[in-house]
$ cat start03.cif   # mmCIF, C-alpha atoms
data_entry
#
loop_
_atom_site.group_PDB
_atom_site.id
_atom_site.type_symbol
_atom_site.label_atom_id
_atom_site.label_comp_id
_atom_site.auth_asym_id
_atom_site.auth_seq_id
_atom_site.Cartn_x
_atom_site.Cartn_y
_atom_site.Cartn_z
ATOM 1 C CA MET A 1 89.764 79.958 103.264
ATOM 2 C CA ARG A 2 89.972 82.093 100.143
ATOM 3 C CA ASN A 3 87.803 81.231 97.175
ATOM 4 C CA LYS A 4 89.257 80.576 93.790
ATOM 5 C CA GLY A 5 87.952 83.758 92.198
ATOM 6 C CA GLU A 6 89.581 85.956 94.783
ATOM 7 C CA HIS A 7 92.774 83.972 94.754
ATOM 8 C CA SER A 8 93.361 84.031 91.040
ATOM 9 C CA SER A 9 93.145 87.827 90.871
ATOM 10 C CA CYS A 10 96.605 88.238 92.320
ATOM 11 C CA GLU A 11 98.405 85.222 90.958
ATOM 12 C CA LEU A 12 101.136 86.147 88.545
ATOM 13 C CA PRO A 13 100.773 84.483 85.173
ATOM 14 C CA GLU A 14 103.206 81.666 84.501
ATOM 15 C CA THR A 15 105.796 82.542 81.919
ATOM 16 C CA THR A 16 106.586 78.941 81.043
ATOM 17 C CA GLY A 17 103.059 77.872 80.164
ATOM 18 C CA LYS A 18 103.453 74.966 82.580
ATOM 19 C CA LYS A 19 100.668 74.489 85.131
ATOM 20 C CA THR A 20 101.847 74.339 88.719
ATOM 21 C CA ARG A 21 99.916 74.171 91.951
ATOM 22 C CA ASN A 22 101.928 76.790 93.771
ATOM 23 C CA GLN A 23 102.054 80.226 92.184
ATOM 24 C CA ASN A 24 103.871 83.459 92.832
ATOM 25 C CA ARG A 25 101.445 85.984 94.250
ATOM 26 C CA HIS A 26 101.322 89.764 94.459
ATOM 27 C CA TYR A 27 98.850 91.240 96.916
ATOM 28 C CA ARG A 28 98.566 94.912 96.031
ATOM 29 C CA PHE A 29 97.907 97.311 98.882
ATOM 30 C CA GLN A 30 94.725 99.317 98.442
ATOM 31 C CA ASP A 31 92.895 102.087 100.252
ATOM 32 C CA ASN A 32 91.879 101.614 103.857
ATOM 33 C CA PHE A 33 94.351 98.801 104.574
ATOM 34 C CA ARG A 34 92.873 96.254 102.262
ATOM 35 C CA TRP A 35 94.808 94.115 99.815
ATOM 36 C CA LYS A 36 93.631 92.996 96.405
ATOM 37 C CA GLY A 37 92.764 89.315 96.512
ATOM 38 C CA VAL A 38 92.601 89.003 100.313
ATOM 39 C CA ARG A 39 89.257 88.779 102.024
ATOM 40 C CA ILE A 40 88.322 90.069 105.442
ATOM 41 C CA GLN A 41 87.473 87.427 108.023
ATOM 42 C CA GLU A 42 86.536 87.331 111.667
ATOM 43 C CA TYR A 43 89.376 87.153 114.165
ATOM 44 C CA LYS A 44 87.957 83.937 115.636
ATOM 45 C CA SER A 45 84.762 81.993 115.157
ATOM 46 C CA GLU A 46 84.397 81.271 118.840
ATOM 47 C CA GLY A 47 84.775 82.786 122.294
ATOM 48 C CA GLN A 48 83.446 85.956 123.847
ATOM 49 C CA ASP A 49 86.691 87.285 125.273
ATOM 50 C CA TRP A 50 87.460 89.455 122.263
ATOM 51 C CA SER A 51 85.808 92.353 120.443
ATOM 52 C CA GLY A 52 86.086 94.360 117.239
ATOM 53 C CA ILE A 53 88.834 92.531 115.347
ATOM 54 C CA ALA A 54 89.085 91.581 111.693
ATOM 55 C CA ARG A 55 91.682 89.354 110.043
ATOM 56 C CA GLN A 56 93.222 89.158 106.585
ATOM 57 C CA ALA A 57 95.387 86.117 105.855
ATOM 58 C CA PHE A 58 98.083 86.384 103.180
ATOM 59 C CA ILE A 59 100.349 83.451 103.680
ATOM 60 C CA GLY A 60 99.177 80.188 105.168
ATOM 61 C CA ALA A 61 95.770 79.762 103.576
ATOM 62 C CA GLY A 62 97.063 78.800 100.138
ATOM 63 C CA ARG A 63 99.341 76.205 98.620
ATOM 64 C CA GLU A 64 102.583 77.611 99.903
ATOM 65 C CA THR A 65 104.834 75.467 102.087
ATOM 66 C CA THR A 66 106.288 78.151 104.323
ATOM 67 C CA LYS A 67 106.810 77.198 107.953
ATOM 68 C CA PHE A 68 105.090 80.445 108.950
ATOM 69 C CA HIS A 69 101.827 82.264 108.419
ATOM 70 C CA LEU A 70 101.393 85.987 107.810
ATOM 71 C CA ARG A 71 98.160 87.660 108.849
ATOM 72 C CA TYR A 72 96.991 91.273 109.216
ATOM 73 C CA PHE A 73 94.679 92.074 112.122
ATOM 74 C CA GLU A 74 92.813 95.280 112.663
ATOM 75 C CA ILE A 75 91.297 96.273 115.987
ATOM 76 C CA GLU A 76 88.587 98.928 116.165
ATOM 77 C CA PRO A 77 88.711 101.624 118.835
ATOM 78 C CA ASP A 78 87.990 99.937 122.186
ATOM 79 C CA GLY A 79 88.461 96.475 120.672
ATOM 80 C CA TYR A 80 90.719 93.780 122.083
ATOM 81 C CA SER A 81 91.953 90.254 121.393
ATOM 82 C CA SER A 82 91.636 87.267 123.736
ATOM 83 C CA PHE A 83 93.882 87.282 126.781
ATOM 84 C CA GLU A 84 95.633 83.970 126.245
ATOM 85 C CA LYS A 85 98.863 82.040 126.163
ATOM 86 C CA HIS A 86 100.385 79.303 124.014
ATOM 87 C CA LYS A 87 103.723 77.680 123.290
ATOM 88 C CA HIS A 88 104.118 79.307 119.893
ATOM 89 C CA GLU A 89 105.669 82.732 119.591
ATOM 90 C CA HIS A 90 104.234 85.909 118.107
ATOM 91 C CA VAL A 91 105.962 88.549 116.065
ATOM 92 C CA VAL A 92 103.790 91.664 115.786
ATOM 93 C CA ILE A 93 104.519 94.650 113.516
ATOM 94 C CA GLY A 94 102.421 97.794 113.947
ATOM 95 C CA ILE A 95 101.417 99.284 110.606
ATOM 96 C CA ARG A 96 98.185 101.270 111.069
ATOM 97 C CA GLY A 97 97.498 103.799 113.813
ATOM 98 C CA LYS A 98 98.691 102.787 117.235
ATOM 99 C CA GLY A 99 97.650 100.381 119.931
ATOM 100 C CA ARG A 100 98.874 98.477 122.921
ATOM 101 C CA ALA A 101 99.957 94.992 123.880
ATOM 102 C CA ARG A 102 99.522 93.574 127.326
ATOM 103 C CA VAL A 103 102.355 91.098 127.802
ATOM 104 C CA ASN A 104 102.116 89.369 131.168
ATOM 105 C CA ARG A 105 101.780 92.340 133.556
ATOM 106 C CA ARG A 106 103.248 94.970 131.263
ATOM 107 C CA ASN A 107 101.432 97.242 128.816
ATOM 108 C CA ILE A 108 103.467 98.208 125.783
ATOM 109 C CA ASP A 109 102.696 100.971 123.289
ATOM 110 C CA LEU A 110 102.877 99.827 119.696
ATOM 111 C CA ASN A 111 103.394 102.477 117.058
ATOM 112 C CA PHE A 112 104.009 102.409 113.311
ATOM 113 C CA MET A 113 106.655 99.813 112.414
ATOM 114 C CA ASP A 114 107.425 98.802 115.980
ATOM 115 C CA VAL A 115 108.311 95.105 116.116
ATOM 116 C CA LEU A 116 107.260 93.078 119.166
ATOM 117 C CA TYR A 117 108.406 89.534 119.895
ATOM 118 C CA ILE A 118 106.304 87.609 122.447
ATOM 119 C CA LYS A 119 108.048 84.557 123.863
ATOM 120 C CA PRO A 120 106.424 81.139 124.423
ATOM 121 C CA ASP A 121 103.800 80.714 127.143
ATOM 122 C CA GLU A 122 103.532 84.428 127.832
ATOM 123 C CA PRO A 123 100.028 85.695 128.608
ATOM 124 C CA HIS A 124 99.164 88.435 126.122
ATOM 125 C CA ARG A 125 96.426 90.508 124.554
ATOM 126 C CA LEU A 126 96.430 93.214 121.894
ATOM 127 C CA TYR A 127 94.030 96.125 122.367
ATOM 128 C CA ASN A 128 93.119 99.516 121.022
ATOM 129 C CA PRO A 129 92.420 102.264 123.573
ATOM 130 C CA TYR A 130 92.700 104.961 120.880
ATOM 131 C CA HIS A 131 90.247 106.592 118.458
ATOM 132 C CA GLU A 132 91.552 105.258 115.169
ATOM 133 C CA PRO A 133 91.865 101.682 113.869
ATOM 134 C CA PHE A 134 94.964 99.798 115.072
ATOM 135 C CA GLY A 135 96.368 97.447 112.434
ATOM 136 C CA PHE A 136 99.296 95.058 112.680
ATOM 137 C CA PHE A 137 100.897 92.098 110.991
ATOM 138 C CA CYS A 138 101.165 88.994 113.133
ATOM 139 C CA LEU A 139 103.608 86.220 112.279
ATOM 140 C CA VAL A 140 103.314 82.722 113.709
ATOM 141 C CA ASN A 141 104.676 79.278 113.027
ATOM 142 C CA ALA A 142 102.498 77.319 110.589
ATOM 143 C CA LYS A 143 102.347 74.384 113.036
ATOM 144 C CA ARG A 144 101.265 75.743 116.376
ATOM 145 C CA ASP A 145 99.456 74.808 119.538
ATOM 146 C CA ARG A 146 95.977 75.954 120.440
ATOM 147 C CA PRO A 147 95.767 79.103 122.597
ATOM 148 C CA LYS A 148 94.646 78.701 126.205
ATOM 149 C CA PRO A 149 92.345 81.468 127.449
ATOM 150 C CA ILE A 150 93.381 83.122 130.695
ATOM 151 C CA LYS A 151 90.749 84.148 133.207
ATOM 152 C CA GLU A 152 91.480 86.926 135.635
ATOM 153 C CA MET B 153 125.014 88.372 115.059
ATOM 154 C CA ARG B 154 123.932 90.980 117.597
ATOM 155 C CA ASN B 155 126.084 91.665 120.606
ATOM 156 C CA LYS B 156 124.726 91.472 124.100
ATOM 157 C CA GLY B 157 124.824 95.185 124.755
ATOM 158 C CA GLU B 158 122.698 95.974 121.729
ATOM 159 C CA HIS B 159 120.347 93.135 122.435
ATOM 160 C CA SER B 160 119.600 94.043 126.010
ATOM 161 C CA SER B 161 118.494 97.577 125.111
ATOM 162 C CA CYS B 162 115.157 96.342 123.834
ATOM 163 C CA GLU B 163 114.490 93.381 126.059
ATOM 164 C CA LEU B 164 111.499 93.873 128.277
ATOM 165 C CA PRO B 165 112.266 93.446 131.949
ATOM 166 C CA GLU B 166 110.997 90.253 133.520
ATOM 167 C CA THR B 167 108.137 90.807 135.912
ATOM 168 C CA THR B 168 108.657 87.548 137.759
ATOM 169 C CA GLY B 169 112.257 88.079 138.734
ATOM 170 C CA LYS B 170 113.063 84.700 137.202
ATOM 171 C CA LYS B 171 115.972 84.623 134.745
ATOM 172 C CA THR B 172 115.112 83.107 131.392
ATOM 173 C CA ARG B 173 117.152 82.780 128.252
ATOM 174 C CA ASN B 174 114.444 83.864 125.876
ATOM 175 C CA GLN B 175 112.963 87.295 126.462
ATOM 176 C CA ASN B 176 110.122 89.321 125.056
ATOM 177 C CA ARG B 177 111.516 92.074 122.876
ATOM 178 C CA HIS B 178 110.266 95.408 121.639
ATOM 179 C CA TYR B 179 112.150 96.974 118.753
ATOM 180 C CA ARG B 180 111.010 100.583 118.586
ATOM 181 C CA PHE B 181 110.883 102.179 115.169
ATOM 182 C CA GLN B 182 113.082 105.250 114.871
ATOM 183 C CA ASP B 183 113.865 107.902 112.288
ATOM 184 C CA ASN B 184 115.185 106.871 108.905
ATOM 185 C CA PHE B 185 113.956 103.255 109.106
ATOM 186 C CA ARG B 186 116.135 102.163 111.941
ATOM 187 C CA TRP B 187 115.003 100.215 114.979
ATOM 188 C CA LYS B 188 116.330 100.598 118.496
ATOM 189 C CA GLY B 189 118.495 97.591 119.340
ATOM 190 C CA VAL B 190 118.947 96.359 115.764
ATOM 191 C CA ARG B 191 122.221 96.915 114.014
ATOM 192 C CA ILE B 192 122.808 97.497 110.322
ATOM 193 C CA GLN B 193 124.690 94.754 108.512
ATOM 194 C CA GLU B 194 125.792 94.032 104.982
ATOM 195 C CA TYR B 195 123.359 92.150 102.787
ATOM 196 C CA LYS B 196 125.941 89.422 102.174
ATOM 197 C CA SER B 197 129.580 88.988 103.007
ATOM 198 C CA GLU B 198 130.404 87.475 99.641
ATOM 199 C CA GLY B 199 129.680 87.742 95.943
ATOM 200 C CA GLN B 200 129.803 90.634 93.491
ATOM 201 C CA ASP B 201 126.399 90.235 91.927
ATOM 202 C CA TRP B 202 124.722 92.693 94.282
ATOM 203 C CA SER B 203 125.093 96.367 95.161
ATOM 204 C CA GLY B 204 123.934 98.922 97.708
ATOM 205 C CA ILE B 205 121.958 96.801 100.166
ATOM 206 C CA ALA B 206 121.877 96.855 103.949
ATOM 207 C CA ARG B 207 120.182 94.365 106.282
ATOM 208 C CA GLN B 208 118.653 94.567 109.734
ATOM 209 C CA ALA B 209 117.711 91.258 111.382
ATOM 210 C CA PHE B 210 114.970 91.233 114.023
ATOM 211 C CA ILE B 211 113.962 87.656 114.460
ATOM 212 C CA GLY B 212 116.318 84.783 113.841
ATOM 213 C CA ALA B 213 119.553 86.094 115.297
ATOM 214 C CA GLY B 214 118.552 85.681 118.941
ATOM 215 C CA ARG B 215 117.308 82.959 121.206
ATOM 216 C CA GLU B 216 113.835 82.671 119.776
ATOM 217 C CA THR B 217 112.653 79.337 118.394
ATOM 218 C CA THR B 218 110.438 80.578 115.588
ATOM 219 C CA LYS B 219 110.505 78.558 112.391
ATOM 220 C CA PHE B 220 110.948 81.805 110.462
ATOM 221 C CA HIS B 221 113.278 84.769 110.295
ATOM 222 C CA LEU B 222 112.280 88.397 109.863
ATOM 223 C CA ARG B 223 114.719 90.798 108.243
ATOM 224 C CA TYR B 224 114.508 94.341 106.830
ATOM 225 C CA PHE B 225 116.504 95.111 103.701
ATOM 226 C CA GLU B 226 117.093 98.509 102.210
ATOM 227 C CA ILE B 227 118.309 99.051 98.668
ATOM 228 C CA GLU B 228 119.853 102.354 97.634
ATOM 229 C CA PRO B 229 118.893 103.994 94.336
ATOM 230 C CA ASP B 230 120.362 101.837 91.526
ATOM 231 C CA GLY B 231 121.122 98.997 93.957
ATOM 232 C CA TYR B 232 120.094 95.379 93.457
ATOM 233 C CA SER B 233 120.204 91.984 95.144
ATOM 234 C CA SER B 234 121.716 88.822 93.685
ATOM 235 C CA PHE B 235 119.792 87.166 90.867
ATOM 236 C CA GLU B 236 119.350 83.723 92.387
ATOM 237 C CA LYS B 237 117.059 80.844 93.166
ATOM 238 C CA HIS B 238 116.536 78.438 96.053
ATOM 239 C CA LYS B 239 114.007 75.957 97.352
ATOM 240 C CA HIS B 240 112.857 78.179 100.188
ATOM 241 C CA GLU B 241 110.142 80.725 99.646
ATOM 242 C CA HIS B 242 110.221 84.484 100.136
ATOM 243 C CA VAL B 243 107.540 86.760 101.476
ATOM 244 C CA VAL B 244 108.397 90.399 100.773
ATOM 245 C CA ILE B 245 106.495 93.411 102.185
ATOM 246 C CA GLY B 246 107.323 96.854 100.789
ATOM 247 C CA ILE B 247 107.530 99.463 103.542
ATOM 248 C CA ARG B 248 109.836 102.284 102.395
ATOM 249 C CA GLY B 249 109.676 104.044 99.039
ATOM 250 C CA LYS B 250 109.129 101.777 96.077
ATOM 251 C CA GLY B 251 111.111 99.284 94.086
ATOM 252 C CA ARG B 252 110.851 96.332 91.791
ATOM 253 C CA ALA B 253 111.177 92.572 91.886
ATOM 254 C CA ARG B 254 112.275 90.536 88.946
ATOM 255 C CA VAL B 255 110.587 87.155 89.299
ATOM 256 C CA ASN B 256 111.635 84.808 86.520
ATOM 257 C CA ARG B 257 110.971 86.930 83.408
ATOM 258 C CA ARG B 258 108.519 89.338 84.982
ATOM 259 C CA ASN B 259 109.225 92.686 86.607
ATOM 260 C CA ILE B 260 106.827 93.622 89.378
ATOM 261 C CA ASP B 261 106.387 97.043 90.976
ATOM 262 C CA LEU B 262 106.457 96.946 94.748
ATOM 263 C CA ASN B 263 104.856 99.825 96.588
ATOM 264 C CA PHE B 264 104.103 100.550 100.240
ATOM 265 C CA MET B 265 102.557 97.510 101.952
ATOM 266 C CA ASP B 266 102.408 95.361 98.842
ATOM 267 C CA VAL B 267 102.953 91.708 99.757
ATOM 268 C CA LEU B 268 104.830 89.459 97.327
ATOM 269 C CA TYR B 269 105.111 85.678 97.639
ATOM 270 C CA ILE B 270 107.903 84.058 95.609
ATOM 271 C CA LYS B 271 107.484 80.323 95.171
ATOM 272 C CA PRO B 272 110.281 77.724 95.471
ATOM 273 C CA ASP B 273 113.021 77.584 92.830
ATOM 274 C CA GLU B 274 111.931 80.787 91.147
ATOM 275 C CA PRO B 275 114.763 82.998 89.882
ATOM 276 C CA HIS B 276 114.416 86.419 91.470
ATOM 277 C CA ARG B 277 116.118 89.703 92.281
ATOM 278 C CA LEU B 278 114.973 92.837 94.096
ATOM 279 C CA TYR B 279 116.158 96.168 92.729
ATOM 280 C CA ASN B 280 115.686 99.888 93.034
ATOM 281 C CA PRO B 281 115.453 101.908 89.802
ATOM 282 C CA TYR B 282 114.076 104.942 91.671
ATOM 283 C CA HIS B 283 115.630 107.942 93.420
ATOM 284 C CA GLU B 284 114.725 107.166 97.037
ATOM 285 C CA PRO B 285 115.683 104.230 99.259
ATOM 286 C CA PHE B 286 113.569 101.094 98.783
ATOM 287 C CA GLY B 287 112.995 99.181 102.023
ATOM 288 C CA PHE B 288 111.168 95.914 102.598
ATOM 289 C CA PHE B 289 110.669 93.163 105.106
ATOM 290 C CA CYS B 290 111.677 89.712 103.913
ATOM 291 C CA LEU B 291 110.380 86.577 105.621
ATOM 292 C CA VAL B 292 112.010 83.198 105.171
ATOM 293 C CA ASN B 293 111.989 79.806 106.842
ATOM 294 C CA ALA B 294 114.593 79.530 109.587
ATOM 295 C CA LYS B 295 115.959 76.312 108.030
ATOM 296 C CA ARG B 296 116.632 77.020 104.401
ATOM 297 C CA ASP B 297 118.831 75.991 101.516
ATOM 298 C CA ARG B 298 121.680 78.047 100.164
ATOM 299 C CA PRO B 299 120.827 80.329 97.219
ATOM 300 C CA LYS B 300 122.210 79.428 93.807
ATOM 301 C CA PRO B 301 123.402 82.381 91.742
ATOM 302 C CA ILE B 302 121.993 82.583 88.220
ATOM 303 C CA LYS B 303 124.195 83.765 85.381
ATOM 304 C CA GLU B 304 122.630 85.294 82.321
#
$ encode --input "start03.cif" --output "structure tokens"
Amino acid sequence: MRNKGEHSSCELPETTGKKTRNQNRHYRFQDNFRWKGVRIQEYKSEGQDWSGIARQAFIGAGRETTKFHLRYFEIEPDGYSSFEKHKHEHVVIGIRGKGRARVNRRNIDLNFMDVLYIKPDEPHRLYNPYHEPFGFFCLVNAKRDRPKPIKE
Amino acid sequence: MRNKGEHSSCELPETTGKKTRNQNRHYRFQDNFRWKGVRIQEYKSEGQDWSGIARQAFIGAGRETTKFHLRYFEIEPDGYSSFEKHKHEHVVIGIRGKGRARVNRRNIDLNFMDVLYIKPDEPHRLYNPYHEPFGFFCLVNAKRDRPKPIKE
């Protein structure tokens, strides 16, 4: 996912001189909610049920063996994610601007540092009805099932 | 870890009327880096190799089945965590003030939204040499080995 040049910029040098495959990493926060060494990707490569979302993946694309992945998503004003469900759970943490989550039939405001847990098989969508970018961390299990789109 | 009364304050009501054990949850961020429905605990109940740390646990103390736990730790000025190592990995995200991580022989500045990945079996400690509280999220696998203290 990340090329070697980008990746190496934030690896901490080994102090032992011994080469290992898995390195400590420090992703420094930069202006405009970017992190040094993390590239911006599309939210998904497929589907037409989403709009205006970018993804940055920190943990899960490298050599780490965590049982979870950490990603940052940013939704433009008027953008939205797929309305979908899956067995795996989401933990969402609002960190930029504000936005909303539709969880089943409820619409929940998400502000700075709010933490939202979405249980298994719950239809959900994140969206941004406001005028500034809405950015959030999203945590998921590393091994997870494929989302099922929901048509209304 | 959390009693029922505290827990229920942030559970989202079911829209189906069906009782389930695992509920969606919304922990609203409040003043002074507290979250509605999350109680403040000690960092550890044992040991004397740490000082001035409080913990708030969001994910991992309830009925969720995530393979990871999400906790917020806050270190007072001059406080520090145990110097220790373990097979499980850490992902640390700085969110309040600034602090430092000692990772093996290196000392790393952690500022707002910096993301730090600490690989398995790496000796580490988080500490706060500054004059304001240092707060960070810490992500770990749900199933994890017990830390081993390191004496210097």
$ calpha_fit_and_write --input "start03.cif" --fixed "chain B" --moving "chain A" --output "CSV table (one decimal) with C-alpha atoms, in the frame of the given file"
chain,number,residue,atom,x,y,z
A,1,MET,CA,125.1,88.5,115.2
A,2,ARG,CA,123.9,91.2,117.7
A,3,ASN,CA,126.1,92.0,120.6
A,4,LYS,CA,124.8,91.8,124.1
A,5,GLY,CA,124.8,95.6,124.7
A,6,GLU,CA,122.6,96.2,121.8
A,7,HIS,CA,120.4,93.3,122.5
A,8,SER,CA,119.6,94.1,126.1
A,9,SER,CA,118.4,97.6,125.2
A,10,CYS,CA,115.1,96.3,123.9
A,11,GLU,CA,114.5,93.4,126.1
A,12,LEU,CA,111.5,93.8,128.3
A,13,PRO,CA,112.2,93.4,132.0
A,14,GLU,CA,111.0,90.2,133.5
A,15,THR,CA,108.1,90.7,135.9
A,16,THR,CA,108.7,87.5,137.8
A,17,GLY,CA,112.3,88.0,138.7
A,18,LYS,CA,113.1,84.7,137.2
A,19,LYS,CA,116.0,84.6,134.7
A,20,THR,CA,115.1,83.0,131.4
A,21,ARG,CA,117.2,82.7,128.2
A,22,ASN,CA,114.4,83.8,125.9
A,23,GLN,CA,113.0,87.3,126.5
A,24,ASN,CA,110.1,89.3,125.1
A,25,ARG,CA,111.5,92.0,122.9
A,26,HIS,CA,110.3,95.4,121.7
A,27,TYR,CA,112.2,97.0,118.8
A,28,ARG,CA,111.0,100.6,118.6
A,29,PHE,CA,110.9,102.2,115.2
A,30,GLN,CA,113.1,105.2,114.9
A,31,ASP,CA,113.9,107.9,112.3
A,32,ASN,CA,115.2,106.9,108.9
A,33,PHE,CA,114.0,103.3,109.1
A,34,ARG,CA,116.2,102.2,111.9
A,35,TRP,CA,115.0,100.2,115.0
A,36,LYS,CA,116.3,100.6,118.5
A,37,GLY,CA,118.5,97.6,119.3
A,38,VAL,CA,119.0,96.3,115.8
A,39,ARG,CA,122.2,96.9,114.0
A,40,ILE,CA,122.8,97.5,110.3
A,41,GLN,CA,124.7,94.7,108.5
A,42,GLU,CA,125.8,94.0,105.0
A,43,TYR,CA,123.4,92.1,102.8
A,44,LYS,CA,125.9,89.4,102.2
A,45,SER,CA,129.6,88.9,103.0
A,46,GLU,CA,130.4,87.4,99.6
A,47,GLY,CA,129.7,87.7,95.9
A,48,GLN,CA,129.8,90.6,93.5
A,49,ASP,CA,126.4,90.2,91.9
A,50,TRP,CA,124.7,92.7,94.3
A,51,SER,CA,125.1,96.3,95.2
A,52,GLY,CA,123.9,98.9,97.7
A,53,ILE,CA,122.0,96.8,100.2
A,54,ALA,CA,121.9,96.8,103.9
A,55,ARG,CA,120.2,94.3,106.3
A,56,GLN,CA,118.7,94.5,109.7
A,57,ALA,CA,117.7,91.2,111.4
A,58,PHE,CA,115.0,91.2,114.0
A,59,ILE,CA,114.0,87.6,114.4
A,60,GLY,CA,116.3,84.8,113.8
A,61,ALA,CA,119.6,86.1,115.3
A,62,GLY,CA,118.5,85.7,118.9
A,63,ARG,CA,117.3,82.9,121.2
A,64,GLU,CA,113.8,82.6,119.8
A,65,THR,CA,112.7,79.3,118.4
A,66,THR,CA,110.4,80.6,115.6
A,67,LYS,CA,110.5,78.5,112.4
A,68,PHE,CA,110.9,81.8,110.4
A,69,HIS,CA,113.3,84.8,110.3
A,70,LEU,CA,112.3,88.4,109.8
A,71,ARG,CA,114.7,90.8,108.2
A,72,TYR,CA,114.5,94.3,106.8
A,73,PHE,CA,116.5,95.1,103.7
A,74,GLU,CA,117.1,98.5,102.2
A,75,ILE,CA,118.3,99.0,98.7
A,76,GLU,CA,119.9,102.3,97.6
A,77,PRO,CA,118.9,104.0,94.3
A,78,ASP,CA,120.4,101.8,91.5
A,79,GLY,CA,121.1,99.0,94.0
A,80,TYR,CA,120.1,95.4,93.5
A,81,SER,CA,120.2,92.0,95.1
A,82,SER,CA,121.7,88.8,93.7
A,83,PHE,CA,119.8,87.2,90.9
A,84,GLU,CA,119.3,83.7,92.4
A,85,LYS,CA,117.0,80.8,93.1
A,86,HIS,CA,116.5,78.4,96.0
A,87,LYS,CA,114.0,75.9,97.3
A,88,HIS,CA,112.8,78.2,100.2
A,89,GLU,CA,110.1,80.7,99.6
A,90,HIS,CA,110.2,84.5,100.1
A,91,VAL,CA,107.5,86.8,101.5
A,92,VAL,CA,108.4,90.4,100.8
A,93,ILE,CA,106.5,93.4,102.2
A,94,GLY,CA,107.3,96.9,100.8
A,95,ILE,CA,107.5,99.5,103.6
A,96,ARG,CA,109.8,102.3,102.4
A,97,GLY,CA,109.7,104.0,99.0
A,98,LYS,CA,109.1,101.8,96.1
A,99,GLY,CA,111.1,99.3,94.1
A,100,ARG,CA,110.8,96.3,91.8
A,101,ALA,CA,111.2,92.6,91.9
A,102,ARG,CA,112.3,90.5,88.9
A,103,VAL,CA,110.6,87.2,89.3
A,104,ASN,CA,111.6,84.8,86.5
A,105,ARG,CA,110.9,86.9,83.4
A,106,ARG,CA,108.5,89.4,85.0
A,107,ASN,CA,109.2,92.7,86.6
A,108,ILE,CA,106.8,93.6,89.4
A,109,ASP,CA,106.4,97.1,91.0
A,110,LEU,CA,106.5,96.9,94.8
A,111,ASN,CA,104.9,99.8,96.6
A,112,PHE,CA,104.1,100.6,100.2
A,113,MET,CA,102.6,97.5,102.0
A,114,ASP,CA,102.4,95.4,98.8
A,115,VAL,CA,103.0,91.7,99.8
A,116,LEU,CA,104.8,89.5,97.3
A,117,TYR,CA,105.1,85.7,97.6
A,118,ILE,CA,107.9,84.1,95.6
A,119,LYS,CA,107.5,80.3,95.2
A,120,PRO,CA,110.3,77.7,95.5
A,121,ASP,CA,113.0,77.6,92.8
A,122,GLU,CA,111.9,80.8,91.1
A,123,PRO,CA,114.8,83.0,89.9
A,124,HIS,CA,114.4,86.4,91.5
A,125,ARG,CA,116.1,89.7,92.3
A,126,LEU,CA,115.0,92.8,94.1
A,127,TYR,CA,116.2,96.2,92.7
A,128,ASN,CA,115.7,99.9,93.0
A,129,PRO,CA,115.5,101.9,89.8
A,130,TYR,CA,114.1,104.9,91.7
A,131,HIS,CA,115.6,107.9,93.4
A,132,GLU,CA,114.8,107.2,97.0
A,133,PRO,CA,115.7,104.2,99.3
A,134,PHE,CA,113.6,101.1,98.8
A,135,GLY,CA,113.0,99.2,102.0
A,136,PHE,CA,111.2,95.9,102.6
A,137,PHE,CA,110.7,93.2,105.1
A,138,CYS,CA,111.7,89.7,103.9
A,139,LEU,CA,110.4,86.6,105.6
A,140,VAL,CA,112.0,83.2,105.2
A,141,ASN,CA,112.0,79.8,106.8
A,142,ALA,CA,114.6,79.5,109.6
A,143,LYS,CA,115.9,76.3,108.0
A,144,ARG,CA,116.6,77.0,104.4
A,145,ASP,CA,118.8,76.0,101.5
A,146,ARG,CA,121.7,78.0,100.1
A,147,PRO,CA,120.8,80.3,97.2
A,148,LYS,CA,122.2,79.4,93.8
A,149,PRO,CA,123.4,82.4,91.7
A,150,ILE,CA,122.0,82.6,88.2
A,151,LYS,CA,124.2,83.8,85.4
A,152,GLU,CA,122.6,85.3,82.3
$ atom_distance --input "start03.cif" --atom1 "atom CA of Ser81 of chain A" --atom2 "atom CA of Lys143 of chain A"
20.7 Å
$ resolve_selection --input "start03.cif" --expression "the PyMOL selection byres ((chain B) within 9 of (chain A))" --output "PyMOL selection string"
chain B and resi 164+167+174-182+185+187+210-211+216-220+222+240-243+247+255-258+260+262-272+274+291-294
$ resolve_selection --input "start03.cif" --expression "the PyMOL selection byres ((chain B and resi 208) around 10)" --output "ChimeraX atom specification"
/B:185-187,190-195,206-207,209-211,222-226,289
$ closest_residue --input "start03.cif" --among "A:Tyr127, A:Trp50, A:Phe83, A:Phe134" --to "Lys98 of chain A" --atoms "only C-alpha atoms"
A:Phe134
$ closest_residue --input "start03.cif" --among "A:Gly37, A:Gly62, A:Pro123, A:Gly47" --to "Lys87 of chain A" --atoms "all atoms listed in the file"
A:Pro123
$ atom_distance --input "start03.cif" --atom1 "atom CA of Ile205 of chain B" --atom2 "atom CA of Phe288 of chain B"
11.1 Å
$ resolve_selection --input "start03.cif" --expression "the PyMOL selection byres ((chain B and resi 230) around 10)" --output "count of residues only"
16
$ atom_distance --input "start03.cif" --atom1 "atom CA of Asn107 of chain A" --atom2 "atom CA of Lys44 of chain A"
23.1 Å
